[in-house]
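Enquirer: Sharing query.tsv (TSV, C-alpha atoms) below.
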```
chain	number	residue	atom	x	y	z
A	6	MET	CA	22.75	-10.45	3.31
A	7	ARG	CA	25.53	-8.74	5.30
A	8	ARG	CA	25.68	-5.90	2.80
A	9	PHE	CA	21.90	-5.50	2.88
A	10	LYS	CA	21.93	-5.28	6.67
A	11	LYS	CA	24.69	-2.68	6.55
A	12	LEU	CA	22.78	-0.53	4.05
A	13	HIS	CA	19.56	-1.01	5.99
A	14	ALA	CA	21.21	0.21	9.19
A	15	ASN	CA	22.93	3.26	7.62
A	16	LEU	CA	20.41	4.39	5.00
A	17	SER	CA	19.71	8.14	5.10
A	18	PHE	CA	17.64	10.45	2.90
A	19	ASP	CA	19.02	13.92	3.62
A	20	ASP	CA	22.09	15.83	4.75
A	21	PRO	CA	22.46	15.34	8.51
A	22	ASP	CA	24.59	18.50	8.82
A	23	ASP	CA	21.65	20.89	8.27
A	24	ARG	CA	18.87	18.56	9.40
A	25	GLN	CA	18.48	20.26	12.77
A	26	SER	CA	17.76	23.64	11.20
A	27	ARG	CA	15.18	22.14	8.83
A	28	TRP	CA	13.63	20.11	11.62
A	29	GLN	CA	12.68	23.33	13.42
A	30	SER	CA	10.05	24.05	10.75
A	31	ASP	CA	9.27	20.49	9.60
A	32	ARG	CA	9.41	17.37	11.77
A	33	PHE	CA	9.41	15.21	8.64
A	34	ALA	CA	12.58	16.91	7.37
A	35	ALA	CA	14.69	13.72	7.47
A	36	CYS	CA	12.60	12.21	4.65
A	37	ARG	CA	10.93	15.27	3.10
A	38	GLU	CA	12.94	15.54	-0.14
A	39	LEU	CA	12.32	11.92	-1.14
A	40	PHE	CA	8.65	12.16	-0.15
A	41	GLU	CA	8.04	15.28	-2.25
A	42	CYS	CA	9.66	13.65	-5.27
A	43	PHE	CA	7.40	10.63	-4.77
A	44	LYS	CA	4.28	12.85	-4.60
A	45	ARG	CA	5.14	14.73	-7.78
A	46	ASN	CA	5.60	11.52	-9.76
A	47	CYS	CA	2.29	10.08	-8.55
A	48	LEU	CA	0.45	13.25	-9.59
A	49	ARG	CA	1.89	13.31	-13.12
A	50	ARG	CA	1.32	9.69	-14.15
A	51	VAL	CA	-2.48	9.28	-14.14
A	52	ILE	CA	-5.25	11.80	-14.80
A	53	ALA	CA	-7.84	11.85	-12.03
A	54	GLU	CA	-11.06	10.02	-12.83
A	55	GLU	CA	-14.56	11.38	-12.29
A	56	MET	CA	-15.00	9.91	-8.78
A	57	THR	CA	-12.22	10.16	-6.18
A	58	SER	CA	-12.06	9.46	-2.46
A	59	LEU	CA	-10.10	10.90	0.46
A	60	ASP	CA	-9.25	8.94	3.58
A	61	GLU	CA	-6.38	8.25	5.96
A	62	THR	CA	-3.92	5.37	6.29
A	63	LEU	CA	-2.24	4.34	9.54
A	64	TYR	CA	0.98	2.72	8.32
A	65	PRO	CA	2.18	0.41	11.11
A	66	THR	CA	5.35	1.24	13.05
A	67	ARG	CA	6.43	1.23	16.68
A	68	SER	CA	9.32	3.64	16.18
A	69	SER	CA	9.75	6.33	18.81
A	70	VAL	CA	8.78	9.51	16.99
A	71	LYS	CA	6.70	12.46	18.18
A	72	PHE	CA	4.12	12.28	15.39
A	73	ARG	CA	3.39	8.57	15.74
A	74	GLN	CA	-0.39	8.11	16.01
A	75	TYR	CA	-2.53	5.71	18.04
A	76	ASN	CA	-5.87	4.37	16.87
A	77	PRO	CA	-7.33	1.35	18.72
A	78	ARG	CA	-9.77	0.64	15.87
A	79	LYS	CA	-6.95	-0.01	13.41
A	80	PRO	CA	-5.27	-3.46	13.19
A	81	ALA	CA	-1.78	-2.07	13.91
A	82	LYS	CA	-2.96	0.54	16.48
A	83	TYR	CA	0.35	2.50	16.21
A	84	GLY	CA	1.78	4.02	13.06
A	85	LEU	CA	2.41	6.99	10.79
A	86	LEU	CA	-0.74	8.77	9.61
A	87	PHE	CA	-1.03	9.50	5.88
A	88	ARG	CA	-3.95	11.35	4.28
A	89	SER	CA	-4.35	10.59	0.59
A	90	VAL	CA	-6.61	11.14	-2.42
A	91	ASN	CA	-7.26	7.87	-4.28
A	92	ALA	CA	-9.13	6.65	-7.32
A	93	VAL	CA	-12.35	4.70	-6.85
A	94	THR	CA	-12.56	2.22	-9.73
A	95	TYR	CA	-8.91	1.13	-9.55
A	96	PRO	CA	-6.18	1.17	-6.86
A	97	TYR	CA	-4.15	4.33	-7.34
A	98	THR	CA	-2.90	7.07	-5.01
A	99	TYR	CA	-2.91	10.47	-6.69
A	100	VAL	CA	-1.38	12.44	-3.81
A	101	THR	CA	-0.68	11.88	-0.15
A	102	GLU	CA	0.61	13.82	2.85
A	103	ILE	CA	1.88	12.72	6.25
A	104	TYR	CA	0.71	14.17	9.53
A	105	ALA	CA	3.92	15.30	11.22
A	106	GLY	CA	2.45	17.50	13.96
A	107	ARG	CA	3.20	21.10	14.80
A	108	PRO	CA	6.93	21.94	14.55
A	109	VAL	CA	8.82	23.46	17.45
A	110	GLY	CA	9.69	26.60	15.46
A	111	GLU	CA	7.96	28.64	12.79
A	112	PRO	CA	5.75	26.27	10.72
A	113	GLY	CA	6.97	25.54	7.21
A	114	PRO	CA	4.98	25.28	3.94
A	115	TYR	CA	4.02	21.64	4.58
A	116	TYR	CA	2.33	22.20	7.93
A	117	THR	CA	-1.49	22.08	8.03
A	118	ALA	CA	-3.23	23.13	11.23
A	119	SER	CA	-6.46	21.15	10.73
A	120	ALA	CA	-7.96	18.33	8.71
A	121	ALA	CA	-9.75	20.85	6.44
A	122	ASP	CA	-6.45	22.65	5.75
A	123	CYS	CA	-4.88	19.32	4.80
A	124	VAL	CA	-7.70	18.65	2.31
A	125	LYS	CA	-7.18	22.10	0.76
A	126	TYR	CA	-3.43	21.48	0.55
A	127	LEU	CA	-3.89	18.13	-1.23
A	128	LEU	CA	-6.47	19.52	-3.66
A	129	ASP	CA	-4.26	22.52	-4.47
A	130	LEU	CA	-1.48	20.10	-5.42
A	131	MET	CA	-3.86	18.15	-7.65
A	132	ILE	CA	-5.16	21.31	-9.30
A	133	GLN	CA	-1.57	22.38	-10.12
A	134	GLU	CA	-0.54	19.06	-11.69
A	135	ASN	CA	-3.85	17.40	-12.54
A	136	SER	CA	-7.15	19.02	-13.50
A	137	MET	CA	-9.86	18.51	-10.85
A	138	SER	CA	-12.64	20.47	-12.56
A	139	GLY	CA	-15.86	18.47	-12.64
A	140	ARG	CA	-14.56	15.74	-10.30
A	141	ASN	CA	-16.27	14.51	-7.17
A	142	LEU	CA	-14.54	13.82	-3.85
A	143	THR	CA	-15.98	11.39	-1.29
A	144	MET	CA	-14.99	11.99	2.35
A	145	ASP	CA	-16.01	10.75	5.78
A	146	ARG	CA	-17.30	12.81	8.71
A	147	LEU	CA	-13.80	13.77	9.90
A	148	TYR	CA	-13.33	16.10	6.90
A	149	THR	CA	-16.83	17.02	5.67
A	150	SER	CA	-18.00	20.51	6.61
A	151	ILE	CA	-20.06	23.27	5.00
A	152	PRO	CA	-17.19	25.83	4.66
A	153	LEU	CA	-14.91	23.23	3.05
A	154	THR	CA	-17.65	22.15	0.65
A	155	GLU	CA	-18.24	25.77	-0.42
A	156	TRP	CA	-14.48	26.25	-0.92
A	157	MET	CA	-14.41	23.20	-3.21
A	158	LEU	CA	-17.47	24.35	-5.14
A	159	GLU	CA	-15.62	27.56	-6.05
A	160	ARG	CA	-13.09	25.28	-7.79
A	161	ASP	CA	-15.78	23.20	-9.53
A	162	ILE	CA	-15.25	20.16	-7.26
A	163	THR	CA	-18.31	18.43	-5.82
A	164	VAL	CA	-18.49	16.54	-2.51
A	165	VAL	CA	-20.31	13.54	-1.09
A	166	GLY	CA	-19.57	12.90	2.56
A	167	THR	CA	-21.05	11.89	5.86
A	168	MET	CA	-21.16	14.68	8.41
A	169	ASN	CA	-20.66	14.91	12.15
A	170	ILE	CA	-23.84	16.06	13.90
A	171	THR	CA	-21.83	18.56	15.99
A	172	ARG	CA	-20.71	20.58	12.96
A	173	ARG	CA	-21.74	24.21	12.64
A	174	GLY	CA	-24.53	25.21	10.29
A	175	ILE	CA	-26.74	22.14	10.72
A	176	PRO	CA	-30.43	23.08	11.28
A	177	PRO	CA	-31.79	21.79	14.60
A	178	GLU	CA	-34.87	20.40	12.82
A	179	ILE	CA	-32.82	17.79	10.99
A	180	LYS	CA	-30.73	16.89	14.05
A	181	SER	CA	-33.66	15.65	16.12
A	182	LEU	CA	-35.14	12.16	15.66
A	183	ASP	CA	-38.28	12.87	17.71
A	184	GLY	CA	-41.37	11.56	15.97
A	185	ARG	CA	-39.43	9.94	13.14
A	186	GLU	CA	-39.83	6.29	12.22
A	187	ASP	CA	-36.97	3.85	11.81
A	188	LYS	CA	-35.33	3.99	8.34
A	189	SER	CA	-37.01	7.32	7.62
A	190	TYR	CA	-35.35	9.79	5.22
A	191	VAL	CA	-35.38	13.62	5.34
A	192	MET	CA	-33.62	16.08	3.03
A	193	MET	CA	-33.04	19.86	3.19
A	194	TRP	CA	-31.74	22.23	0.50
A	195	GLU	CA	-29.60	25.32	0.95
A	196	ALA	CA	-31.98	28.26	1.05
A	197	GLN	CA	-29.84	30.79	-0.83
A	198	ASP	CA	-28.28	29.11	-3.87
A	199	LYS	CA	-29.65	25.56	-3.50
A	200	ARG	CA	-26.26	24.12	-4.34
A	201	LEU	CA	-25.89	22.13	-1.11
A	202	SER	CA	-28.24	19.48	0.20
A	203	LEU	CA	-28.25	17.88	3.64
A	204	HIS	CA	-29.67	14.39	4.05
A	205	SER	CA	-30.73	12.60	7.24
A	206	TYR	CA	-31.27	8.85	7.54
A	207	ALA	CA	-32.61	7.41	10.80
A	208	VAL	CA	-31.45	3.86	11.38
A	209	THR	CA	-31.13	1.47	14.34
A	210	THR	CA	-27.96	-0.66	14.61
A	211	LYS	CA	-27.01	-3.39	17.04
A	212	SER	CA	-23.77	-1.71	18.08
A	213	SER	CA	-24.83	1.92	18.61
A	214	GLY	CA	-28.64	1.77	18.72
A	215	ARG	CA	-30.69	4.51	17.11
A	216	ARG	CA	-28.58	6.85	14.98
A	217	ASN	CA	-29.01	9.89	12.78
A	218	VAL	CA	-26.68	9.51	9.78
A	219	LEU	CA	-26.14	12.91	8.18
A	220	LEU	CA	-24.77	13.31	4.66
A	221	LEU	CA	-23.76	16.52	2.91
A	222	THR	CA	-23.44	16.74	-0.87
A	223	SER	CA	-22.93	19.45	-3.46
A	224	MET	CA	-23.60	17.23	-6.47
A	225	ASN	CA	-27.06	16.78	-7.93
A	226	PRO	CA	-28.49	14.24	-5.46
A	227	ILE	CA	-30.07	11.05	-6.71
A	228	MET	CA	-33.54	10.97	-5.20
A	229	GLY	CA	-35.40	7.90	-3.97
A	230	VAL	CA	-34.62	4.93	-1.76
A	231	THR	CA	-33.78	1.29	-2.38
A	232	ASP	CA	-36.56	-1.27	-2.65
A	233	ASP	CA	-35.14	-3.63	0.00
A	234	ALA	CA	-35.95	-3.83	3.70
A	235	ASN	CA	-33.41	-1.14	4.66
A	236	ARG	CA	-34.94	1.51	2.37
A	237	LYS	CA	-31.55	3.16	2.08
A	238	PRO	CA	-31.47	6.52	0.23
A	239	ALA	CA	-29.87	6.46	-3.20
A	240	ILE	CA	-27.33	9.17	-2.35
A	241	TYR	CA	-26.09	7.01	0.52
A	242	LYS	CA	-25.54	4.16	-1.94
A	243	VAL	CA	-23.40	6.52	-4.01
A	244	TYR	CA	-21.35	7.22	-0.88
A	245	ASP	CA	-20.96	3.49	-0.15
A	246	LEU	CA	-19.74	2.78	-3.70
A	247	THR	CA	-17.17	5.59	-3.79
A	248	LYS	CA	-15.76	5.74	-0.25
A	249	GLY	CA	-13.43	2.70	-0.42
A	250	GLY	CA	-10.68	3.92	-2.76
A	251	THR	CA	-8.10	4.29	0.00
A	252	ASP	CA	-9.09	0.99	1.62
A	253	ILE	CA	-8.41	-0.91	-1.63
A	254	VAL	CA	-4.87	0.51	-1.78
A	255	ASP	CA	-4.31	-0.28	1.92
A	256	GLN	CA	-5.39	-3.86	1.37
A	257	ARG	CA	-2.96	-4.39	-1.50
A	258	MET	CA	-0.16	-2.70	0.39
A	259	GLY	CA	-0.71	-4.78	3.53
A	260	SER	CA	-0.93	-8.13	1.74
A	261	TYR	CA	2.58	-7.97	0.23
A	262	THR	CA	4.44	-5.24	2.07
A	263	CYS	CA	8.17	-4.60	1.91
A	264	LYS	CA	8.28	-3.25	5.47
A	265	THR	CA	11.02	-4.69	7.70
A	266	LYS	CA	11.77	-4.33	11.38
A	267	SER	CA	13.66	-1.15	12.16
A	268	ARG	CA	13.89	1.35	14.97
A	269	LYS	CA	14.15	4.26	12.54
A	270	TRP	CA	10.89	5.90	11.54
A	271	THR	CA	12.44	6.92	8.20
A	272	MET	CA	12.52	3.24	7.20
A	273	ALA	CA	8.77	2.99	7.85
A	274	ALA	CA	8.25	6.06	5.65
A	275	LEU	CA	10.42	4.49	2.93
A	276	ALA	CA	8.41	1.25	3.15
A	277	TYR	CA	5.16	3.22	2.70
A	278	ILE	CA	6.61	4.92	-0.38
A	279	LEU	CA	7.76	1.62	-1.89
A	280	ASP	CA	4.46	-0.15	-1.18
A	281	THR	CA	2.47	2.72	-2.72
A	282	CYS	CA	4.78	2.79	-5.74
A	283	ARG	CA	4.26	-0.94	-6.27
A	284	VAL	CA	0.45	-0.60	-6.21
A	285	ASN	CA	0.54	2.48	-8.48
A	286	ALA	CA	2.94	0.79	-10.90
A	287	GLY	CA	0.64	-2.21	-11.28
A	288	THR	CA	-2.29	0.09	-12.06
A	289	VAL	CA	-0.29	2.12	-14.60
A	290	MET	CA	0.86	-1.08	-16.34
A	291	SER	CA	-2.73	-2.38	-16.55
A	292	LEU	CA	-4.08	0.94	-17.86
A	293	ASN	CA	-1.37	1.12	-20.54
A	294	ALA	CA	-2.19	-2.45	-21.60
A	295	GLY	CA	-5.93	-1.72	-21.77
A	296	GLN	CA	-6.72	-4.13	-18.92
A	297	LYS	CA	-8.74	-3.73	-15.73
A	298	PRO	CA	-6.37	-2.87	-12.84
A	299	ARG	CA	-8.58	-4.59	-10.27
A	300	LEU	CA	-8.09	-7.93	-12.05
A	301	LEU	CA	-4.30	-7.71	-11.67
A	302	VAL	CA	-2.92	-10.31	-9.26
A	303	SER	CA	-0.83	-8.25	-6.86
A	304	ALA	CA	1.38	-11.18	-5.81
A	305	ASP	CA	2.32	-12.09	-9.40
A	306	PHE	CA	3.06	-8.48	-10.29
A	307	GLY	CA	5.18	-8.05	-7.15
A	308	TRP	CA	7.19	-11.17	-7.99
A	309	GLU	CA	7.84	-10.03	-11.56
A	310	LEU	CA	8.80	-6.58	-10.31
A	311	VAL	CA	11.31	-8.05	-7.84
A	312	MET	CA	12.80	-10.35	-10.48
A	313	GLN	CA	13.29	-7.52	-12.96
A	314	LEU	CA	15.06	-5.49	-10.28
A	315	VAL	CA	17.25	-8.37	-9.07
A	316	GLU	CA	18.00	-10.32	-12.26
A	317	PRO	CA	20.46	-7.82	-13.86
A	318	HIS	CA	22.52	-7.87	-10.66
A	319	LEU	CA	22.49	-11.69	-10.58
A	320	ARG	CA	23.73	-11.86	-14.17
A	321	ARG	CA	26.61	-9.41	-13.81
A	322	ARG	CA	27.95	-10.41	-10.39
A	323	SER	CA	30.92	-12.72	-10.02
A	324	HIS	CA	30.29	-16.20	-8.65
A	325	GLN	CA	33.78	-16.51	-7.24
A	326	GLY	CA	33.68	-17.48	-3.59
A	327	LEU	CA	30.00	-18.44	-3.60
A	328	SER	CA	28.93	-21.88	-2.49
A	329	LYS	CA	27.57	-24.34	-5.01
A	330	HIS	CA	24.20	-24.21	-3.33
A	331	VAL	CA	23.98	-20.42	-3.85
A	332	GLN	CA	25.19	-20.73	-7.44
A	333	ALA	CA	22.52	-23.32	-8.17
A	334	LYS	CA	19.84	-20.97	-6.80
A	335	ILE	CA	21.12	-18.10	-8.94
A	336	ASN	CA	21.11	-20.28	-12.07
A	337	LEU	CA	17.58	-21.37	-11.28
A	338	LEU	CA	16.34	-17.78	-10.86
A	339	ILE	CA	17.92	-16.50	-14.08
A	340	HIS	CA	16.75	-19.62	-15.99
A	341	SER	CA	20.28	-20.57	-16.98
A	342	GLU	CA	20.59	-23.99	-18.62
A	343	GLU	CA	24.26	-24.43	-17.75
A	344	PRO	CA	25.97	-23.59	-14.45
A	345	GLU	CA	28.01	-20.42	-14.50
A	346	PRO	CA	31.74	-21.10	-15.02
A	347	THR	CA	33.87	-20.71	-11.92
A	348	THR	CA	37.59	-20.32	-11.36
A	349	SER	CA	37.96	-23.79	-9.84
A	350	ALA	CA	36.00	-26.55	-11.56
A	351	VAL	CA	34.46	-29.09	-9.24
A	352	PRO	CA	33.54	-32.53	-10.60
A	353	PRO	CA	29.87	-33.54	-10.36
A	354	GLY	CA	28.85	-35.47	-7.31
A	355	SER	CA	31.17	-33.70	-4.87
A	356	GLY	CA	28.37	-31.74	-3.16
A	357	ARG	CA	27.73	-32.94	0.41
A	358	ILE	CA	24.57	-32.95	2.51
A	359	ALA	CA	23.15	-34.93	5.39
A	360	PRO	CA	23.01	-38.70	4.56
A	361	ARG	CA	19.91	-39.68	2.55
A	362	ARG	CA	18.81	-42.45	0.25
A	363	CYS	CA	19.50	-42.09	-3.46
A	364	ASP	CA	16.59	-40.29	-5.16
A	365	LEU	CA	16.97	-42.29	-8.37
A	366	CYS	CA	17.03	-45.62	-6.52
A	367	VAL	CA	13.89	-44.69	-4.59
A	368	ARG	CA	12.20	-43.67	-7.83
A	369	ASP	CA	12.90	-47.08	-9.42
A	370	LEU	CA	11.62	-49.16	-6.50
A	371	PRO	CA	8.70	-51.49	-7.29
A	372	GLU	CA	5.24	-50.73	-5.92
A	373	ARG	CA	5.01	-54.08	-4.12
A	374	GLY	CA	7.37	-54.20	-1.16
A	375	HIS	CA	8.34	-50.57	-1.66
A	376	LYS	CA	8.66	-49.77	2.04
A	377	VAL	CA	10.76	-52.86	2.89
A	378	ALA	CA	13.11	-52.32	-0.04
A	379	LYS	CA	13.55	-48.64	0.85
A	380	ASN	CA	14.50	-49.47	4.45
A	381	LYS	CA	17.22	-51.86	3.21
A	382	MET	CA	18.86	-49.16	1.09
A	383	SER	CA	22.00	-47.46	2.39
A	384	LYS	CA	22.25	-43.68	2.71
A	385	VAL	CA	24.66	-41.49	0.73
A	386	THR	CA	25.78	-37.87	0.84
A	387	ASN	CA	26.62	-37.15	-2.81
A	388	VAL	CA	24.54	-34.47	-4.55
A	389	CYS	CA	24.21	-33.65	-8.24
A	390	LEU	CA	25.35	-30.06	-8.82
A	391	ARG	CA	22.84	-29.59	-11.64
A	392	CYS	CA	19.53	-30.87	-10.24
A	393	ARG	CA	20.54	-31.10	-6.54
A	394	LYS	CA	19.32	-34.72	-6.27
A	395	VAL	CA	20.99	-37.20	-3.90
A	396	VAL	CA	22.72	-39.91	-5.97
A	397	CYS	CA	24.65	-43.10	-5.17
A	398	LYS	CA	27.76	-44.44	-6.96
A	399	GLN	CA	25.61	-46.52	-9.29
A	400	HIS	CA	23.98	-43.37	-10.71
A	401	MET	CA	27.13	-41.19	-10.81
A	402	THR	CA	29.30	-40.44	-13.85
A	403	ILE	CA	32.95	-39.53	-13.39
A	404	CYS	CA	34.00	-36.41	-15.33
A	405	CYS	CA	37.39	-34.71	-15.51
A	406	THR	CA	37.92	-31.02	-14.80
A	407	ASP	CA	38.39	-30.15	-18.50
A	408	CYS	CA	35.07	-31.74	-19.47
A	409	SER	CA	33.26	-30.17	-16.53
A	410	GLU	CA	34.28	-26.71	-17.78
```
Take the structure in the file and give it back as structure tokens.
Expert:
Amino acid sequence: MRRFKKLHANLSFDDPDDRQSRWQSDRFAACRELFECFKRNCLRRVIAEEMTSLDETLYPTRSSVKFRQYNPRKPAKYGLLFRSVNAVTYPYTYVTEIYAGRPVGEPGPYYTASAADCVKYLLDLMIQENSMSGRNLTMDRLYTSIPLTEWMLERDITVVGTMNITRRGIPPEIKSLDGREDKSYVMMWEAQDKRLSLHSYAVTTKSSGRRNVLLLTSMNPIMGVTDDANRKPAIYKVYDLTKGGTDIVDQRMGSYTCKTKSRKWTMAALAYILDTCRVNAGTVMSLNAGQKPRLLVSADFGWELVMQLVEPHLRRRSHQGLSKHVQAKINLLIHSEEPEPTTSAVPPGSGRIAPRRCDLCVRDLPERGHKVAKNKMSKVTNVCLRCRKVVCKQHMTICCTDCSE
């Protein structure tokens, strides 16, 4: 534990001698090399599926750093902002990028001035390492725009995304809800090439009242509405089914995170990398085994992953100087039938704890008068070194040091 705390306090991911010069063009310079290696490995392991989604993750941290973000709608409210492209049918992060803000000097190659530039940067990385031709990307209204959709169409990538009503290029006829009934549906095609279609769905909600939900798509839209009371357009159902790829990964990361308390923001970035690697590794293992990644129990996989990382160290380390309690835990974790030999043999029964009644005597007590007989029993402090049960002299066996070895 002491060694872990020392490493945790002094862990670094770059050369501090030239960090200041790199920081002038990249605020994320202290963790950039590790992060880029992590991104390359994620891109090369799994081929992108037909439907992908893009969203942002606010990884919780309260560290004092200039590019820490605040979002009151998120559970953590404060954290590092990551934008990532994820799969839809299984939890996997293809590529991700952190928002580090504008540097103080000349911007470096990792700086993106707007959300649309960040989307282009992520897709360029995927095109270099992983073919995106014929894929669809689902986005929310923060990223969806007509110029970005046309840029993606030139690269044979289609889009389905809700759209902010204040965006440029939206006809005023589709913005207005005057004369339209509740749950009404209107669609407009692009006049020139008819590659883009803009959809409008008028709906009344309890929280925000009457709303005009705009959706832009460059894929062949599925016409028609659902046959329930909401009469929701079919293309909106496609959006609902494909928008949650990033949320699935966030849920698995948050349930069993490796994040620890630290004042250094680089430790929060490392925890995000490790959590994402764990989720991606579980998906890769399931795909290689021909199983469904969504059926994988994240807690069981995390436990097996930890044990495979820790068990070789437990087997090779020396037990000299460790307490018998720690040695018993190690033997239990590595499934050892016999205790590891030590330099000084200790006869069984010499372990000491707080006074308790003998476990074997309590086990053999009769059902009738059990409580009275238990209260009359004396307490002992001897503990079996094998099973860690409290035993009295009646249930102890004396063994010499030669036999104990």
Enquirer: In terms of the shortest atom-to-atom distance over only C-alpha atoms, which of A:Ser68, A:Ser89, A:Lys44, A:Asn76 is closest to Glu134 of chain A?
Expert: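 Under the stated criterion, the closest residue is A:Lys44.
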Enquirer: Expressed in Å to a single decimal, how great is the separation between atom CA of Gly106 of chain A and atom CA of Leu279 of chain A?
Expert: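 Taking atom CA of Gly106 of chain A and atom CA of Leu279 of chain A, their separation equals 23.1 Å.
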Enquirer: Can you report as AutoDock Vina command-line options the centre and edge lengths in Å, to one decimal, of an axis-aligned box around the listed atoms of segment 218-237 of chain A padded with 6 Å on each side?
Expert:
```
--center_x -29.7 --center_y 7.8 --center_z 0.9 --size_x 25.6 --size_y 35.3 --size_z 29.7
```
Enquirer: Taking (-5.3, 14.6, -12.0) in the coordinates of the supplied file, I want to know which residues reach to within 6 Å of it, counting only C-alpha atoms; could you give the answer as a list in words?
Expert: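 Within the cut-off we find Ile52, Ala53, Met131, Asn135 and Ser136 of chain A.
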Enquirer: Could you check the closest approach to Glu178 of chain A for each of A:Val395, A:Asp252, A:Met192, A:Lys237 and tell me which residue wins, using only C-alpha atoms?
Expert: A:Met192
Enquirer: Counting only C-alpha atoms, which residues have an atom no more than 10 Å from (-11.6, 6.6, -3.8) in the file's coordinates? Please list them as a PyMOL selection string.
Expert: chain A and resi 54+56-60+89-99+141-144+246-254
Enquirer: Name the residues in contact with Lys334 of chain A at a cut-off of 12 Å, using all atoms listed in the file, excluding same-chain residues fewer than 3 positions from it; report them as a PyMOL selection string.
Expert: chain A and resi 319+324+327-331+337-341+344-345+390-393
Enquirer: Work out how far atom CA of Arg107 of chain A is from atom CA of His13 of chain A, in Å to one decimal.
Expert: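 These atoms are spaced 28.9 Å apart.
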